[in-house]
Amino acid sequence: MTVRSVVRGVGHCLPERVVPNAEFESLVDTSDEWIRTRSGIERRHFAAEGQLTSDLATQAARAALDSAGLGPADIDAIVLATSTPDLTFPATATMVQAALEMEHGFAFDVQAVCAGFVYALTTADALIVAGRARRVLVIGAEIFSRLMDWTDRSTCVLFGDGAGALILEAAEGTGTNADRGLLSADLHSDGRFRDILHVDGGTSTGTTGHLRMQGREVFRHAVEKLAETAHEALDRAGLGPQDVDWIVPHQANLRIITATAQRMQVPLERVVLTVQDHGNTSAASIPLALSVGVGRGQIRPGQVVVIEAIGGGLAWGSVVLRW
């Protein structure tokens, strides 16, 4: 018998406040056309004052539980990907655990910025395959609006807030790529490139800091590395681009998404797109897009889904799963 991590349910949460591109015109030298042309983003959601990352994560978790027909008592562990925790410690995942009134199991955070959900999903799969947990709640949640430099038009218009959640459950498989569940994963990082995408705060400065990005360098690395990691994960699963039903990419920039799909030889019609409505929600973007894709009727049981992301670190990776 082969143990597979099968998706049982998905859910998401978006803050009520919707921020259209035009709202930035009074802050920086920009326009709706400038933002759309360079990123594909039309609007994004911002958290309300006092709203926390754990609040968004908890709502997404409850939606995923409802989708799966499960309750907190059925979950063994929570793995939460975020770069915007409520506090430096304890882990935001433990705050979600408390909000769900889950008094058993264990919960912890994973920090790999925009690649965080890929890392969290891979970690959850390892826990299930090793027999450490039967059901794991995997969450990506961010409030990036609180890391923005509102005088930097190249970054402040790109990011949004939100959360997405997915429940992985142990199931028996045959050991072939016909199984449902997570079929393969591919993870990478390279700390030499930290300066092209980082936040200039932390214990080194004693401040929260602001997000800093060298856009052209990030674009170049993203297109190259995302296509490579997706092909590697597909190879490990014994599959090819022709087998892919859906790519669910990190929703950072429409130009990056389009260029990566071309390199993968997958038409854009088979890519789940939410960047226009959510902007870049970092670790939340893939689970948000998965939940939206299921809600739209795009992603259906038995289909092959490739998720891939790159973020600060640089950290990047991909997962191939059969829904």
# chains A, B, ... in the order shown; residues from 1 in each chain; ligands from 1
$ select_by_dssp --residues "segment 145-186 of chain A" --states "alpha helix (DSSP H)" --output "VMD selection string"
chain A and resid 153 to 156
$ residues_around --residues "Gln97 of chain A" --least-positions-apart "2" --cutoff "12 Å" --atoms "only C-alpha atoms" --output "PyMOL selection string"
chain A and resi 54-55+57-59+61-62+72-73+75-80+90-95+99-109+136-139
$ residues_around --residues "Thr53 of chain A" --least-positions-apart "2" --cutoff "10 Å" --atoms "only C-alpha atoms" --output "PDB file with N, CA and C atoms, in the first residue's frame"
ATOM      1  N   ALA A  47      -7.026  44.340   4.494  1.00  0.00           N
ATOM      2  CA  ALA A  47      -7.589  44.032   5.797  1.00  0.00           C
ATOM      3  C   ALA A  47      -8.039  45.300   6.507  1.00  0.00           C
ATOM      4  N   GLY A  50      -7.250  46.531  12.744  1.00  0.00           N
ATOM      5  CA  GLY A  50      -7.482  45.577  13.819  1.00  0.00           C
ATOM      6  C   GLY A  50      -7.668  44.145  13.362  1.00  0.00           C
ATOM      7  N   GLN A  51      -7.861  43.928  12.075  1.00  0.00           N
ATOM      8  CA  GLN A  51      -8.009  42.571  11.541  1.00  0.00           C
ATOM      9  C   GLN A  51      -6.629  41.936  11.433  1.00  0.00           C
ATOM     10  N   ASP A  55      -7.057  36.024  11.941  1.00  0.00           N
ATOM     11  CA  ASP A  55      -8.500  36.156  11.687  1.00  0.00           C
ATOM     12  C   ASP A  55      -8.846  35.641  10.291  1.00  0.00           C
ATOM     13  N   LEU A  56      -8.072  36.085   9.299  1.00  0.00           N
ATOM     14  CA  LEU A  56      -8.306  35.639   7.926  1.00  0.00           C
ATOM     15  C   LEU A  56      -8.075  34.133   7.806  1.00  0.00           C
ATOM     16  N   ALA A  57      -6.998  33.655   8.436  1.00  0.00           N
ATOM     17  CA  ALA A  57      -6.659  32.233   8.371  1.00  0.00           C
ATOM     18  C   ALA A  57      -7.751  31.373   9.002  1.00  0.00           C
ATOM     19  N   THR A  58      -8.295  31.832  10.106  1.00  0.00           N
ATOM     20  CA  THR A  58      -9.340  31.068  10.788  1.00  0.00           C
ATOM     21  C   THR A  58     -10.598  30.974   9.940  1.00  0.00           C
ATOM     22  N   THR A  82       3.029  31.891   6.280  1.00  0.00           N
ATOM     23  CA  THR A  82       2.838  33.337   6.327  1.00  0.00           C
ATOM     24  C   THR A  82       4.165  34.055   6.508  1.00  0.00           C
ATOM     25  N   SER A  83       4.242  35.262   5.979  1.00  0.00           N
ATOM     26  CA  SER A  83       5.360  36.171   6.235  1.00  0.00           C
ATOM     27  C   SER A  83       4.902  37.357   7.057  1.00  0.00           C
ATOM     28  N   THR A  84       3.612  37.376   7.399  1.00  0.00           N
ATOM     29  CA  THR A  84       3.035  38.483   8.158  1.00  0.00           C
ATOM     30  C   THR A  84       2.307  37.934   9.383  1.00  0.00           C
ATOM     31  N   PRO A  85       3.043  37.321  10.313  1.00  0.00           N
ATOM     32  CA  PRO A  85       2.413  36.730  11.487  1.00  0.00           C
ATOM     33  C   PRO A  85       1.811  37.802  12.398  1.00  0.00           C
ATOM     34  N   ASP A  86       0.863  37.397  13.218  1.00  0.00           N
ATOM     35  CA  ASP A  86       0.286  38.319  14.196  1.00  0.00           C
ATOM     36  C   ASP A  86       1.375  38.869  15.109  1.00  0.00           C
ATOM     37  N   LEU A  87       2.243  37.994  15.583  1.00  0.00           N
ATOM     38  CA  LEU A  87       3.333  38.328  16.486  1.00  0.00           C
ATOM     39  C   LEU A  87       4.593  37.596  16.024  1.00  0.00           C
ATOM     40  N   THR A  92       1.455  31.870  14.411  1.00  0.00           N
ATOM     41  CA  THR A  92       0.084  32.237  14.071  1.00  0.00           C
ATOM     42  C   THR A  92      -0.806  30.997  13.973  1.00  0.00           C
ATOM     43  N   ALA A  93      -0.221  29.878  13.571  1.00  0.00           N
ATOM     44  CA  ALA A  93      -0.983  28.624  13.488  1.00  0.00           C
ATOM     45  C   ALA A  93      -1.585  28.240  14.828  1.00  0.00           C
ATOM     46  N   MET A  95      -2.603  30.312  17.064  1.00  0.00           N
ATOM     47  CA  MET A  95      -3.731  31.213  17.297  1.00  0.00           C
ATOM     48  C   MET A  95      -4.968  30.738  16.535  1.00  0.00           C
ATOM     49  N   VAL A  96      -4.750  30.190  15.353  1.00  0.00           N
ATOM     50  CA  VAL A  96      -5.853  29.579  14.604  1.00  0.00           C
ATOM     51  C   VAL A  96      -6.357  28.345  15.349  1.00  0.00           C
ATOM     52  N   GLY A 140      -2.504  29.267   3.896  1.00  0.00           N
ATOM     53  CA  GLY A 140      -1.658  30.390   3.518  1.00  0.00           C
ATOM     54  C   GLY A 140      -2.421  31.659   3.840  1.00  0.00           C
ATOM     55  N   ALA A 141      -1.828  32.556   4.622  1.00  0.00           N
ATOM     56  CA  ALA A 141      -2.544  33.767   5.043  1.00  0.00           C
ATOM     57  C   ALA A 141      -1.574  34.927   5.152  1.00  0.00           C
ATOM     58  N   GLU A 142      -1.979  36.085   4.643  1.00  0.00           N
ATOM     59  CA  GLU A 142      -1.096  37.256   4.636  1.00  0.00           C
ATOM     60  C   GLU A 142      -1.877  38.554   4.789  1.00  0.00           C
ATOM     61  N   ILE A 143      -1.224  39.531   5.431  1.00  0.00           N
ATOM     62  CA  ILE A 143      -1.682  40.922   5.401  1.00  0.00           C
ATOM     63  C   ILE A 143      -0.490  41.759   4.944  1.00  0.00           C
ATOM     64  N   PHE A 144      -0.221  41.727   3.658  1.00  0.00           N
ATOM     65  CA  PHE A 144       0.941  42.418   3.094  1.00  0.00           C
ATOM     66  C   PHE A 144       0.743  43.924   3.027  1.00  0.00           C
ATOM     67  N   ASP A 161      -4.318  41.377   0.531  1.00  0.00           N
ATOM     68  CA  ASP A 161      -4.448  40.559   1.736  1.00  0.00           C
ATOM     69  C   ASP A 161      -5.479  39.450   1.516  1.00  0.00           C
ATOM     70  N   GLY A 162      -5.309  38.352   2.207  1.00  0.00           N
ATOM     71  CA  GLY A 162      -6.274  37.264   2.103  1.00  0.00           C
ATOM     72  C   GLY A 162      -5.737  35.989   2.716  1.00  0.00           C
ATOM     73  N   ALA A 163      -6.530  34.940   2.631  1.00  0.00           N
ATOM     74  CA  ALA A 163      -6.136  33.633   3.156  1.00  0.00           C
ATOM     75  C   ALA A 163      -6.844  32.533   2.383  1.00  0.00           C
TER      76      ALA A 163
END
$ closest_atom_pairs --of "segment 190-234 of chain A" --to "segment 112-133 of chain A" --cutoff "12 Å" --atoms "only C-alpha atoms" --output "tab-separated table"
residue	atom	partner	partner_atom	distance
A:Asp190	CA	A:Ala112	CA	11.6
A:Gly191	CA	A:Ala112	CA	11.6
A:Arg194	CA	A:Val113	CA	11.5
A:Leu197	CA	A:Val113	CA	9.8
A:His198	CA	A:Val113	CA	9.3
A:Val199	CA	A:Val113	CA	10.4
A:Leu211	CA	A:Val113	CA	11.4
A:Ala222	CA	A:Ala115	CA	11.3
A:Leu226	CA	A:Ala115	CA	10.6
A:Thr229	CA	A:Val118	CA	11.6
A:Ala230	CA	A:Val118	CA	11.8
$ write_last_selection --atoms "C-alpha atoms" --output "mmCIF file, in the first residue's frame"
data_model
loop_
_atom_site.group_PDB
_atom_site.id
_atom_site.type_symbol
_atom_site.label_atom_id
_atom_site.label_comp_id
_atom_site.auth_asym_id
_atom_site.auth_seq_id
_atom_site.Cartn_x
_atom_site.Cartn_y
_atom_site.Cartn_z
ATOM 1 C CA ASP A 190 19.172 30.266 -3.047
ATOM 2 C CA GLY A 191 20.079 32.840 -0.429
ATOM 3 C CA ARG A 194 17.952 37.775 -1.014
ATOM 4 C CA LEU A 197 13.133 40.716 -2.883
ATOM 5 C CA HIS A 198 13.131 41.331 0.853
ATOM 6 C CA VAL A 199 11.708 43.327 3.757
ATOM 7 C CA LEU A 211 8.992 45.395 1.187
ATOM 8 C CA ALA A 222 10.631 33.858 -11.791
ATOM 9 C CA LEU A 226 9.059 28.422 -12.200
ATOM 10 C CA THR A 229 10.614 23.445 -11.163
ATOM 11 C CA ALA A 230 7.251 22.592 -12.719
#
$ residues_around --residues "Ile286 of chain A" --least-positions-apart "3" --cutoff "12 Å" --atoms "only C-alpha atoms" --output "ChimeraX atom specification"
/A:10-12,81,114-121,138-142,162-166,247-252,271-275,278-283,289-293,305-310,318-319
$ closest_residue --among "A:Asp277, A:Asp245, A:Glu16, A:Asp66" --to "Val304 of chain A" --atoms "only C-alpha atoms"
A:Asp245
$ atom_distance --atom1 "atom CA of Gly69 of chain A" --atom2 "atom CA of Arg296 of chain A"
19.4 Å
